[in-house]
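*Asks:* One file is attached below, coords_35.txt, containing compact mmCIF, C-alpha atoms.
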# COMPACT_ATOMS: atom_id res chain seq x y z
CA MET T 1 0.00 0.00 0.00
CA ARG T 2 2.67 2.44 1.06
CA SER T 3 4.91 1.88 -1.97
CA LYS T 4 1.96 2.16 -4.35
CA HIS T 5 1.06 5.50 -2.84
CA LEU T 6 4.62 6.75 -3.30
CA THR T 7 4.86 5.78 -6.94
CA ARG T 8 1.66 7.69 -7.57
CA THR T 9 2.63 10.89 -5.76
CA LEU T 10 6.34 11.17 -6.61
CA PRO T 11 5.98 12.10 -10.30
CA VAL T 12 3.38 14.69 -9.40
CA ALA T 13 5.73 16.22 -6.82
CA VAL T 14 8.56 16.33 -9.37
CA MET T 15 6.29 18.02 -11.88
CA ILE T 16 5.22 20.67 -9.38
CA LEU T 17 8.78 21.32 -8.22
CA SER T 18 10.18 21.69 -11.69
CA GLY T 19 7.05 23.33 -13.10
CA SER T 20 8.38 26.26 -15.12
CA ALA T 21 11.49 24.42 -16.25
CA ALA T 22 9.34 21.57 -17.55
CA ILE T 23 7.27 23.97 -19.71
CA ALA T 24 10.40 25.64 -21.15
CA ALA T 25 11.90 22.24 -22.00
CA THR T 26 8.65 21.25 -23.71
CA ALA T 27 8.58 24.33 -25.96
CA SER T 28 12.18 23.82 -27.10
CA GLN T 29 11.53 20.10 -27.56
CA VAL T 30 8.52 20.86 -29.77
CA ILE T 31 10.68 23.26 -31.79
CA ALA T 32 13.52 20.74 -32.11
CA ALA T 33 11.09 18.02 -33.21
CA ARG T 34 9.40 20.11 -35.90
CA GLN T 35 12.75 21.42 -37.15
CA ALA T 36 14.00 17.84 -37.46
CA ARG T 37 10.94 16.99 -39.58
CA TYR T 38 11.38 20.04 -41.80
CA THR T 39 15.03 19.05 -42.21
CA ASP T 40 13.82 15.59 -43.30
CA LEU T 41 11.55 17.29 -45.83
CA GLY T 42 14.49 19.35 -47.11
CA LYS T 43 16.61 16.21 -47.44
CA SER T 44 13.85 14.43 -49.34
CA PHE T 45 13.34 17.37 -51.71
CA LYS T 46 17.09 17.60 -52.32
CA ALA T 47 17.24 13.84 -53.01
CA ILE T 48 14.40 14.18 -55.55
CA ASN T 49 15.85 17.32 -57.18
CA ASP T 50 19.30 15.67 -57.36
CA GLN T 51 17.73 12.84 -59.37
CA LEU T 52 15.75 15.23 -61.57
CA LYS T 53 19.03 16.99 -62.46
CA ALA T 54 20.75 13.72 -63.32
CA GLY T 55 20.90 12.39 -66.87
CA THR T 56 19.12 9.19 -65.89
CA PRO T 57 17.02 9.79 -62.76
CA ASP T 58 16.72 6.90 -60.31
CA LEU T 59 12.95 6.43 -59.98
CA ALA T 60 13.25 4.29 -56.85
CA VAL T 61 14.97 7.16 -55.01
CA ILE T 62 12.33 9.62 -56.26
CA ARG T 63 9.45 7.37 -55.18
CA ALA T 64 10.86 6.69 -51.72
CA ASN T 65 11.40 10.39 -51.07
CA ALA T 66 8.06 11.47 -52.54
CA THR T 67 6.44 9.00 -50.12
CA THR T 68 8.39 10.59 -47.25
CA VAL T 69 7.24 14.06 -48.33
CA ALA T 70 3.61 12.89 -48.53
CA ARG T 71 3.81 11.20 -45.10
CA LEU T 72 5.39 14.24 -43.39
CA ALA T 73 2.91 16.57 -45.12
CA GLN T 74 0.06 14.52 -43.63
CA LEU T 75 1.72 14.63 -40.19
CA GLN T 76 2.12 18.43 -40.23
CA HIS T 77 -1.54 18.67 -41.23
CA ARG T 78 -2.95 16.32 -38.57
CA GLN T 79 -0.57 17.03 -35.69
CA THR T 80 0.03 20.26 -33.82
CA TRP T 81 3.55 21.26 -34.75
CA PHE T 82 2.96 24.87 -33.76
CA PRO T 83 1.36 24.96 -30.29
CA ALA T 84 1.02 28.40 -28.67
CA GLY T 85 4.20 29.49 -26.91
CA THR T 86 6.60 28.11 -29.53
CA GLN T 87 7.08 31.33 -31.51
CA ALA T 88 10.34 33.27 -31.77
CA GLY T 89 11.38 35.26 -28.74
CA GLN T 90 11.64 34.27 -25.07
CA GLY T 91 15.07 32.85 -25.85
CA LEU T 92 13.61 30.19 -28.17
CA LYS T 93 15.61 29.40 -31.31
CA THR T 94 12.95 29.27 -34.00
CA ALA T 95 12.11 31.04 -37.23
CA ALA T 96 8.36 30.72 -36.53
CA LYS T 97 6.85 34.21 -36.81
CA PRO T 98 4.11 35.35 -34.39
CA ALA T 99 1.94 35.81 -37.51
CA ILE T 100 1.36 32.02 -37.42
CA TRP T 101 -0.87 32.50 -34.39
CA GLN T 102 -2.25 35.88 -35.45
CA ASN T 103 -3.43 34.54 -38.83
CA ALA T 104 -4.25 31.01 -37.65
CA ALA T 105 -6.88 30.37 -40.35
CA ASP T 106 -4.56 31.34 -43.18
CA PHE T 107 -1.72 29.32 -41.68
CA THR T 108 -4.00 26.25 -41.49
CA ALA T 109 -5.12 26.80 -45.10
CA LYS T 110 -1.51 26.87 -46.27
CA ARG T 111 -0.65 23.70 -44.33
CA THR T 112 -3.70 22.02 -45.89
CA ALA T 113 -2.59 23.14 -49.36
CA PHE T 114 0.79 21.49 -48.78
CA ALA T 115 -0.82 18.27 -47.51
CA ASN T 116 -3.15 18.13 -50.53
CA ALA T 117 -0.38 18.80 -53.04
CA ALA T 118 1.87 16.21 -51.40
CA ALA T 119 -0.88 13.56 -51.33
CA SER T 120 -1.09 13.44 -55.13
CA TYR T 121 2.70 13.80 -55.35
CA GLY T 122 3.25 10.22 -54.17
CA ALA T 123 0.86 8.89 -56.82
CA ILE T 124 2.56 10.95 -59.58
CA ALA T 125 5.98 9.68 -58.53
CA ALA T 126 4.67 6.12 -58.61
CA LYS T 127 3.67 6.50 -62.29
CA GLY T 128 7.25 7.40 -63.22
CA ASP T 129 6.74 10.15 -65.86
CA ILE T 130 9.78 12.39 -65.27
CA ASN T 131 8.20 15.54 -66.72
CA ALA T 132 5.08 15.06 -64.59
CA ILE T 133 7.31 14.51 -61.53
CA LYS T 134 9.22 17.71 -62.32
CA ALA T 135 5.99 19.70 -62.58
CA ALA T 136 4.61 18.16 -59.37
CA THR T 137 7.86 18.83 -57.49
CA ALA T 138 7.63 22.48 -58.53
CA SER T 139 3.98 22.78 -57.48
CA VAL T 140 4.47 21.02 -54.13
CA GLY T 141 7.55 23.18 -53.57
CA GLN T 142 5.46 26.25 -54.31
CA THR T 143 3.11 25.37 -51.43
CA CYS T 144 6.18 25.21 -49.13
CA LYS T 145 7.46 28.57 -50.36
CA SER T 146 4.13 30.37 -50.12
CA CYS T 147 3.82 29.46 -46.44
CA HIS T 148 7.50 30.21 -45.67
CA GLU T 149 7.20 33.66 -47.26
CA SER T 150 4.59 34.69 -44.73
CA TYR T 151 5.47 32.68 -41.67
CA ARG T 152 9.19 31.87 -41.60
CA ASP T 153 11.69 34.49 -40.49
CA ARG T 154 14.50 34.13 -43.01
CA ASP T 155 17.05 35.75 -40.77
CA LYS T 156 16.50 33.13 -38.09
CA SER T 157 16.23 30.07 -40.27
CA MET S 158 50.93 41.46 -77.83
CA ALA S 159 50.75 44.79 -79.59
CA THR S 160 52.99 47.60 -78.47
CA VAL S 161 51.16 50.89 -78.21
CA SER S 162 53.45 52.34 -75.58
CA GLY S 163 52.61 55.85 -74.54
CA GLU S 164 50.02 56.34 -77.23
CA PRO S 165 48.80 59.88 -76.66
CA GLY S 166 45.18 60.36 -75.64
CA PRO S 167 42.83 63.14 -76.78
CA THR S 168 44.68 65.53 -74.53
CA SER S 169 48.42 65.50 -74.81
CA ASN S 170 49.25 64.33 -71.30
CA LYS S 171 46.63 61.57 -71.05
CA VAL S 172 47.62 58.02 -71.89
CA ILE S 173 45.72 54.75 -72.07
CA VAL S 174 46.41 52.71 -68.93
CA TRP S 175 43.50 50.22 -68.82
CA ASP S 176 42.58 48.09 -71.80
CA GLY S 177 38.97 47.48 -72.81
CA TRP S 178 38.83 44.02 -71.25
CA VAL S 179 39.90 45.22 -67.80
CA ARG S 180 37.32 47.99 -67.87
CA VAL S 181 34.40 45.98 -69.23
CA VAL S 182 35.10 43.07 -66.88
CA HIS S 183 35.41 45.43 -63.91
CA TRP S 184 32.03 47.09 -64.47
CA LEU S 185 30.28 43.85 -65.40
CA ILE S 186 31.48 42.19 -62.19
CA ALA S 187 30.27 45.22 -60.22
CA LEU S 188 26.89 44.94 -61.94
CA LEU S 189 26.69 41.17 -61.37
CA PHE S 190 27.62 41.60 -57.71
CA ALA S 191 24.64 43.94 -57.29
CA ALA S 192 22.39 41.67 -59.36
CA SER S 193 23.34 38.59 -57.32
CA TRP S 194 22.70 40.48 -54.12
CA TYR S 195 19.27 41.59 -55.32
CA THR S 196 18.18 38.22 -56.77
CA HIS S 197 19.29 35.95 -53.91
CA ARG S 198 15.89 36.42 -52.28
CA THR S 199 13.76 37.32 -55.26
CA ASN S 200 14.72 35.04 -58.15
CA LEU S 201 17.17 32.17 -57.69
CA GLU S 202 17.01 31.26 -61.37
CA TRP S 203 18.53 34.64 -62.26
CA HIS S 204 20.80 34.38 -59.22
CA ARG S 205 22.32 31.21 -60.70
CA TYR S 206 22.83 32.81 -64.12
CA ALA S 207 24.42 35.87 -62.50
CA GLY S 208 26.74 33.48 -60.64
CA TYR S 209 27.75 31.61 -63.79
CA ALA S 210 28.46 34.91 -65.56
CA CYS S 211 30.44 36.20 -62.58
CA LEU S 212 32.46 32.97 -62.37
CA THR S 213 33.27 33.25 -66.08
CA LEU S 214 34.41 36.87 -65.77
CA VAL S 215 36.48 36.24 -62.63
CA LEU S 216 38.24 33.29 -64.27
CA PHE S 217 38.83 35.43 -67.35
CA ARG S 218 40.25 38.28 -65.25
CA ILE S 219 42.63 35.85 -63.53
CA TYR S 220 43.75 34.55 -66.94
CA TRP S 221 44.17 38.13 -68.18
CA GLY S 222 46.25 38.76 -65.05
CA PHE S 223 48.82 36.34 -66.43
CA ALA S 224 48.44 36.73 -70.20
CA GLY S 225 46.89 40.17 -70.75
CA SER S 226 48.05 43.77 -70.99
CA THR S 227 50.86 45.13 -68.80
CA THR S 228 48.59 46.91 -66.30
CA ALA S 229 46.26 43.89 -66.08
CA ARG S 230 49.05 41.54 -65.00
CA PHE S 231 49.52 40.47 -61.40
CA THR S 232 53.29 40.82 -61.79
CA HIS S 233 52.75 44.51 -62.55
CA PHE S 234 50.91 45.38 -59.36
CA VAL S 235 51.50 42.66 -56.75
CA THR S 236 54.58 44.01 -55.03
CA GLY S 237 54.86 42.22 -51.68
CA PRO S 238 55.26 43.82 -48.23
CA ALA S 239 58.23 46.02 -49.17
CA GLY S 240 56.37 47.63 -52.06
CA ILE S 241 53.29 48.13 -49.90
CA ALA S 242 55.34 49.73 -47.11
CA SER S 243 57.14 52.15 -49.42
CA TYR S 244 53.88 53.08 -51.18
CA ALA S 245 52.13 53.60 -47.83
CA ARG S 246 54.66 56.32 -46.95
CA THR S 247 53.59 58.34 -50.00
CA ILE S 248 49.83 57.68 -49.84
CA LEU S 249 48.94 61.19 -48.62
CA HIS S 250 50.67 62.93 -51.53
CA ARG S 251 48.23 64.68 -53.85
CA GLY S 252 47.82 64.37 -57.60
CA PRO S 253 48.41 61.54 -60.04
CA PRO S 254 50.83 58.82 -58.97
CA SER S 255 54.38 58.39 -60.17
CA ARG S 256 53.51 55.11 -61.89
CA VAL S 257 50.37 53.90 -63.67
CA GLY S 258 48.23 50.83 -62.92
CA HIS S 259 47.01 49.48 -59.59
CA ASN S 260 48.97 50.85 -56.64
CA PRO S 261 50.48 48.29 -54.21
CA ILE S 262 47.65 48.71 -51.65
CA GLY S 263 44.93 48.68 -54.30
CA ALA S 264 46.56 45.46 -55.49
CA LEU S 265 45.68 43.89 -52.14
CA SER S 266 42.00 44.61 -52.68
CA VAL S 267 42.15 43.37 -56.30
CA VAL S 268 43.62 40.04 -55.19
CA LEU S 269 41.28 39.82 -52.19
CA MET S 270 38.15 40.61 -54.26
CA LEU S 271 39.05 38.20 -57.06
CA GLY S 272 39.87 35.47 -54.53
CA LEU S 273 36.65 35.99 -52.56
CA LEU S 274 34.53 36.23 -55.72
CA LEU S 275 36.05 33.04 -57.14
CA THR S 276 35.46 31.17 -53.85
CA GLN S 277 31.94 32.57 -53.62
CA CYS S 278 31.01 31.52 -57.16
CA LEU S 279 32.50 28.04 -56.77
CA ILE S 280 30.79 27.43 -53.42
CA GLY S 281 27.51 28.65 -54.87
CA LEU S 282 27.54 25.77 -57.35
CA PHE S 283 27.15 23.31 -54.44
CA VAL S 284 24.61 25.18 -52.30
CA THR S 285 21.08 24.03 -51.44
CA ASP S 286 18.38 26.09 -49.75
CA LEU S 287 16.85 25.10 -46.43
CA ASP S 288 13.99 23.22 -48.14
CA GLY S 289 16.01 21.31 -50.75
CA LEU S 290 13.95 23.10 -53.42
CA GLU S 291 16.53 25.47 -54.95
CA SER S 292 20.14 24.50 -55.47
CA GLY S 293 23.32 25.06 -57.43
CA PRO S 294 24.03 22.76 -60.38
CA LEU S 295 26.68 20.72 -58.54
CA SER S 296 24.73 20.21 -55.29
CA PRO S 297 23.88 16.58 -56.22
CA LEU S 298 27.57 15.83 -55.65
CA VAL S 299 27.31 16.63 -51.92
CA SER S 300 25.00 15.67 -49.05
CA PHE S 301 22.20 17.88 -47.73
CA GLU S 302 24.28 18.65 -44.61
CA THR S 303 27.40 19.59 -46.60
CA SER S 304 25.29 21.63 -49.00
CA ARG S 305 23.70 23.51 -46.11
CA SER S 306 26.99 24.24 -44.40
CA LEU S 307 28.33 25.51 -47.74
CA ALA S 308 25.23 27.73 -47.93
CA GLU S 309 26.24 29.22 -44.60
CA TRP S 310 29.74 29.87 -45.97
CA HIS S 311 28.12 31.44 -49.05
CA GLY S 312 26.50 33.91 -46.62
CA ARG S 313 29.69 34.55 -44.64
CA ILE S 314 31.78 35.15 -47.77
CA PHE S 315 29.09 37.53 -49.04
CA THR S 316 29.46 39.54 -45.83
CA ALA S 317 33.25 39.59 -46.33
CA LEU S 318 32.72 40.75 -49.92
CA GLN S 319 30.39 43.54 -48.76
CA VAL S 320 33.14 44.76 -46.41
CA VAL S 321 35.88 44.60 -49.06
CA VAL S 322 33.68 46.28 -51.68
CA ALA S 323 32.76 49.03 -49.21
CA LEU S 324 36.46 49.58 -48.44
CA HIS S 325 37.20 49.65 -52.17
CA ILE S 326 34.57 52.35 -52.74
CA VAL S 327 35.75 54.40 -49.74
CA ALA S 328 39.35 54.16 -50.99
CA VAL S 329 38.41 55.29 -54.50
CA LEU S 330 36.46 58.24 -53.06
CA PHE S 331 39.46 59.10 -50.84
CA TYR S 332 41.64 59.21 -53.98
CA LEU S 333 39.08 61.38 -55.76
CA PHE S 334 38.39 63.96 -53.05
CA GLY S 335 41.44 63.64 -50.81
CA LYS S 336 44.18 63.11 -53.39
CA ARG S 337 42.51 64.68 -56.47
CA ASP S 338 43.25 61.47 -58.38
CA ASN S 339 40.24 60.28 -60.38
CA LEU S 340 40.46 56.47 -60.51
CA ILE S 341 36.79 56.06 -61.45
CA GLY S 342 37.12 58.11 -64.64
CA ALA S 343 40.22 56.15 -65.60
CA MET S 344 38.35 52.85 -65.15
CA VAL S 345 35.61 54.22 -67.47
CA THR S 346 37.70 55.82 -70.23
CA GLY S 347 40.89 53.82 -69.74
CA ARG S 348 42.86 57.08 -69.90
CA LYS S 349 44.88 58.77 -67.22
CA ARG S 350 46.85 61.97 -66.89
CA VAL S 351 50.52 61.17 -66.46
CA ASP S 352 53.16 63.67 -65.39
CA GLY S 353 56.46 63.45 -67.25
CA GLU S 354 57.43 60.69 -69.59
CA ALA S 355 54.73 58.31 -70.82
CA PRO S 356 55.08 54.80 -69.41
CA ALA S 357 55.96 51.90 -71.71
CA LEU S 358 52.89 49.67 -71.69
CA ARG S 359 52.01 46.66 -73.82
CA PHE S 360 48.39 45.83 -74.56
CA GLY S 361 46.86 42.44 -75.28
CA ARG S 362 45.01 42.10 -78.56
CA TRP S 363 41.22 42.33 -78.23
CA TRP S 364 40.67 39.00 -80.00
CA HIS S 365 43.05 37.23 -77.63
CA GLY S 366 40.69 38.29 -74.82
CA ALA S 367 37.63 37.36 -76.87
CA ILE S 368 38.92 33.83 -77.54
CA ALA S 369 39.94 33.33 -73.90
CA LEU S 370 36.54 34.55 -72.69
CA ALA S 371 34.71 32.25 -75.12
CA VAL S 372 36.76 29.21 -74.05
CA ILE S 373 36.21 29.96 -70.33
CA ALA S 374 32.48 30.61 -70.84
CA ALA S 375 32.13 27.30 -72.71
CA ALA S 376 33.96 25.45 -69.93
CA VAL S 377 31.80 27.03 -67.20
CA TRP S 378 28.64 26.25 -69.17
CA ALA S 379 29.72 22.63 -69.66
CA VAL S 380 30.27 22.25 -65.90
CA VAL S 381 26.99 23.83 -64.83
CA ARG S 382 24.96 21.97 -67.45
CA ASN S 383 26.34 18.49 -66.98
CA GLY S 384 27.57 18.73 -63.40
For this file, write the structure as structure tokens.

*Replies:*
Amino acid sequence: MRSKHLTRTLPVAVMILSGSAAIAATASQVIAARQARYTDLGKSFKAINDQLKAGTPDLAVIRANATTVARLAQLQHRQTWFPAGTQAGQGLKTAAKPAIWQNAADFTAKRTAFANAAASYGAIAAKGDINAIKAATASVGQTCKSCHESYRDRDKS
Amino acid sequence: MATVSGEPGPTSNKVIVWDGWVRVVHWLIALLFAASWYTHRTNLEWHRYAGYACLTLVLFRIYWGFAGSTTARFTHFVTGPAGIASYARTILHRGPPSRVGHNPIGALSVVLMLGLLLTQCLIGLFVTDLDGLESGPLSPLVSFETSRSLAEWHGRIFTALQVVVALHIVAVLFYLFGKRDNLIGAMVTGRKRVDGEAPALRFGRWWHGAIALAVIAAAVWAVVRNG
């Protein structure tokens, strides 16, 4: 009985004691996690563009990376990568502009546009028509750029 | 090489000191530097073309520094520490200099600018943006991480270039207003007032420069197209 009681109360006590520190760690963890995913997106786009520049593009590499782009685009649409309190300032290292939270509806629309463009991207890559893949890469990329123009601080990214 | 030593200019004491290639390349590089600066956030397609053009001109200028006209050659203006020190003692004297061409301190900025521009253009070929969407033609040869760290160096070298270019402009204005020596006009017209005897200068033939530029441009284009 006594030990059970302790295991239940100890974590709560730790949380209360380290309250503010725990919140700060969470915000920077959220930022680190989303940055890691955007880096993965960048790597996938570079891998695809590298192939598109090559004389004989490797379709397997393009397909694998288009699938990654589509999967991450779905994640950023369904999950909350930008919870309140993770904007630039307060000593947080992020390029996320406060406008993300001020224009929440527009930000959501732009994330949806990316998810939609990326969803058909995987299917286009699967078909293997290089010109169609080039066009789709440009149009998916355009949904990235249009959001970054409004909501990413270039001097901090 | 054609010898046109001391060919008199329109006024009797003005002589040609800079050949057409030096002048055209100088102003084109200045223009491309501004264009690259402007397009790096507005149009990366044009930014790449500006970079290829700049790389071509910088390589040409380096070639011309070994094979071109007297005043274009590195051996004519790179003097080493002793030459710099002795020139520095006379830098506050007014009026046109005792010898034509780049002065020993100006030579430092020529070498520094050409070196930085060459490095900048070459690095740019390997750069990728944060999203892997825009990249230089040789970026497939390196990883995303390498490409991104080169992009950071592309930014640092640009800052260094801004500083050197600013110093260059300040120095030229100091010569104009402080020393009454118009270097800007000379870089436009190629002519300079010279006191006393006209210097013996040899000038490269225009078609020698044209062939060299065409060969270098073709080589750069082959690298960026098939790289």

*Asks:* Taking only C-alpha atoms into account, report as a PDB file with C-alpha atoms, in the frame of the given file which residues of chain S lie within 12 Å of chain T.

*Replies:*
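result-v5.pdb was written with the following content:
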ATOM      1  CA  ARG S 198      15.890  36.420 -52.280  1.00  0.00           C
ATOM      2  CA  THR S 199      13.760  37.320 -55.260  1.00  0.00           C
ATOM      3  CA  PHE S 283      27.150  23.310 -54.440  1.00  0.00           C
ATOM      4  CA  VAL S 284      24.610  25.180 -52.300  1.00  0.00           C
ATOM      5  CA  THR S 285      21.080  24.030 -51.440  1.00  0.00           C
ATOM      6  CA  ASP S 286      18.380  26.090 -49.750  1.00  0.00           C
ATOM      7  CA  LEU S 287      16.850  25.100 -46.430  1.00  0.00           C
ATOM      8  CA  ASP S 288      13.990  23.220 -48.140  1.00  0.00           C
ATOM      9  CA  GLY S 289      16.010  21.310 -50.750  1.00  0.00           C
ATOM     10  CA  LEU S 290      13.950  23.100 -53.420  1.00  0.00           C
ATOM     11  CA  GLU S 291      16.530  25.470 -54.950  1.00  0.00           C
ATOM     12  CA  SER S 292      20.140  24.500 -55.470  1.00  0.00           C
ATOM     13  CA  GLY S 293      23.320  25.060 -57.430  1.00  0.00           C
ATOM     14  CA  PRO S 294      24.030  22.760 -60.380  1.00  0.00           C
ATOM     15  CA  LEU S 295      26.680  20.720 -58.540  1.00  0.00           C
ATOM     16  CA  SER S 296      24.730  20.210 -55.290  1.00  0.00           C
ATOM     17  CA  PRO S 297      23.880  16.580 -56.220  1.00  0.00           C
ATOM     18  CA  LEU S 298      27.570  15.830 -55.650  1.00  0.00           C
ATOM     19  CA  VAL S 299      27.310  16.630 -51.920  1.00  0.00           C
ATOM     20  CA  SER S 300      25.000  15.670 -49.050  1.00  0.00           C
ATOM     21  CA  PHE S 301      22.200  17.880 -47.730  1.00  0.00           C
ATOM     22  CA  GLU S 302      24.280  18.650 -44.610  1.00  0.00           C
ATOM     23  CA  THR S 303      27.400  19.590 -46.600  1.00  0.00           C
ATOM     24  CA  SER S 304      25.290  21.630 -49.000  1.00  0.00           C
ATOM     25  CA  ARG S 305      23.700  23.510 -46.110  1.00  0.00           C
ATOM     26  CA  GLU S 309      26.240  29.220 -44.600  1.00  0.00           C
ATOM     27  CA  GLY S 312      26.500  33.910 -46.620  1.00  0.00           C
ATOM     28  CA  VAL S 381      26.990  23.830 -64.830  1.00  0.00           C
ATOM     29  CA  ARG S 382      24.960  21.970 -67.450  1.00  0.00           C
ATOM     30  CA  ASN S 383      26.340  18.490 -66.980  1.00  0.00           C
ATOM     31  CA  GLY S 384      27.570  18.730 -63.400  1.00  0.00           C
TER      32      GLY S 384
END

*Asks:* For range 124-128 of chain T, please output as a list in words all residues within 9 Å (counting all atoms listed in the file; exclusion window: fewer than 2 positions along the same chain).

*Replies:* Leu59, Ala60, Ile62, Arg63, Ala64, Ala66, Thr67, Ser120, Tyr121, Gly122, Ile130, Asn131, Ala132, Ile133 and Ala136 of chain T

*Asks:* Can you pull out every residue within 6 Å of range 235-250 of chain S, counting all atoms listed in the file, but drop anything in the same chain fewer than 6 positions away, and send it as a list of chain:residue names?

*Replies:*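 Result of the neighbour search: S:Pro261, S:Ile262, S:Ala264.
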
*Asks:* What does the distance between CA of Tyr195 in chain S and CA of Asp153 in chain T come to in Å, to one decimal place?

*Replies:*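 Atom-to-atom, CA of Tyr195 in chain S and CA of Asp153 in chain T are spaced 18.1 Å apart.
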
*Asks:* Quick one, how far is CA of Pro57 in chain T from CA of Gln74 in chain T?

*Replies:*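 Going from CA of Pro57 in chain T over to CA of Gln74 in chain T covers 26.0 Å.
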
*Asks:* If I take CA of Ser226 in chain S and CA of Ala367 in chain S, how far is one from the other in Å, to one decimal?

*Replies:*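 Atom-to-atom, CA of Ser226 in chain S to CA of Ala367 in chain S, that is 13.6 Å.
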
*Asks:* Quick one: residues within 12 Å of Tyr209 in chain S, only C-alpha atoms counted, chain neighbours fewer than 2 positions away excluded, as a PyMOL selection string?

*Replies:* chain S and resi 186+189-190+193+202-207+211-216+274-275+277-282+293-294+373-382

*Asks:* Give as number ranges by chain every residue, naming chains and numbers as the document does, that has an atom within 10 Å of (6.9, 30.0, -28.8), counting all atoms listed in the file.

*Replies:* T: 24, 27-28, 30-31, 82-98, 101

*Asks:* With all atoms of range 99-114 of chain T from the file as input, state the centre and edge lengths in Å to one decimal of the axis-aligned box that has 4 Å extra on each side, as JSON.

*Replies:*
{"center_x": -2.5, "center_y": 28.7, "center_z": -41.9, "size_x": 16.8, "size_y": 22.4, "size_z": 23.0}

*Asks:* Determine, counting only C-alpha atoms, which protein, DNA and RNA residues have an atom within 10 Å of an atom of Val182 in chain S; residues of the same chain fewer than 2 positions away are not included. Present the result as an NGL selection string.

*Replies:* :S and (177-180 or 184-188 or 211 or 214-215 or 217-218)

*Asks:* Take the residues from that selection and write them out as a short mmCIF file (atom, residue, chain, number, x, y, z; two decimals), in the coordinates of the input, keeping C-alpha atoms.

*Replies:*
data_model
loop_
_atom_site.label_atom_id
_atom_site.label_comp_id
_atom_site.auth_asym_id
_atom_site.auth_seq_id
_atom_site.Cartn_x
_atom_site.Cartn_y
_atom_site.Cartn_z
CA GLY S 177 38.97 47.48 -72.81
CA TRP S 178 38.83 44.02 -71.25
CA VAL S 179 39.90 45.22 -67.80
CA ARG S 180 37.32 47.99 -67.87
CA TRP S 184 32.03 47.09 -64.47
CA LEU S 185 30.28 43.85 -65.40
CA ILE S 186 31.48 42.19 -62.19
CA ALA S 187 30.27 45.22 -60.22
CA LEU S 188 26.89 44.94 -61.94
CA CYS S 211 30.44 36.20 -62.58
CA LEU S 214 34.41 36.87 -65.77
CA VAL S 215 36.48 36.24 -62.63
CA PHE S 217 38.83 35.43 -67.35
CA ARG S 218 40.25 38.28 -65.25
#
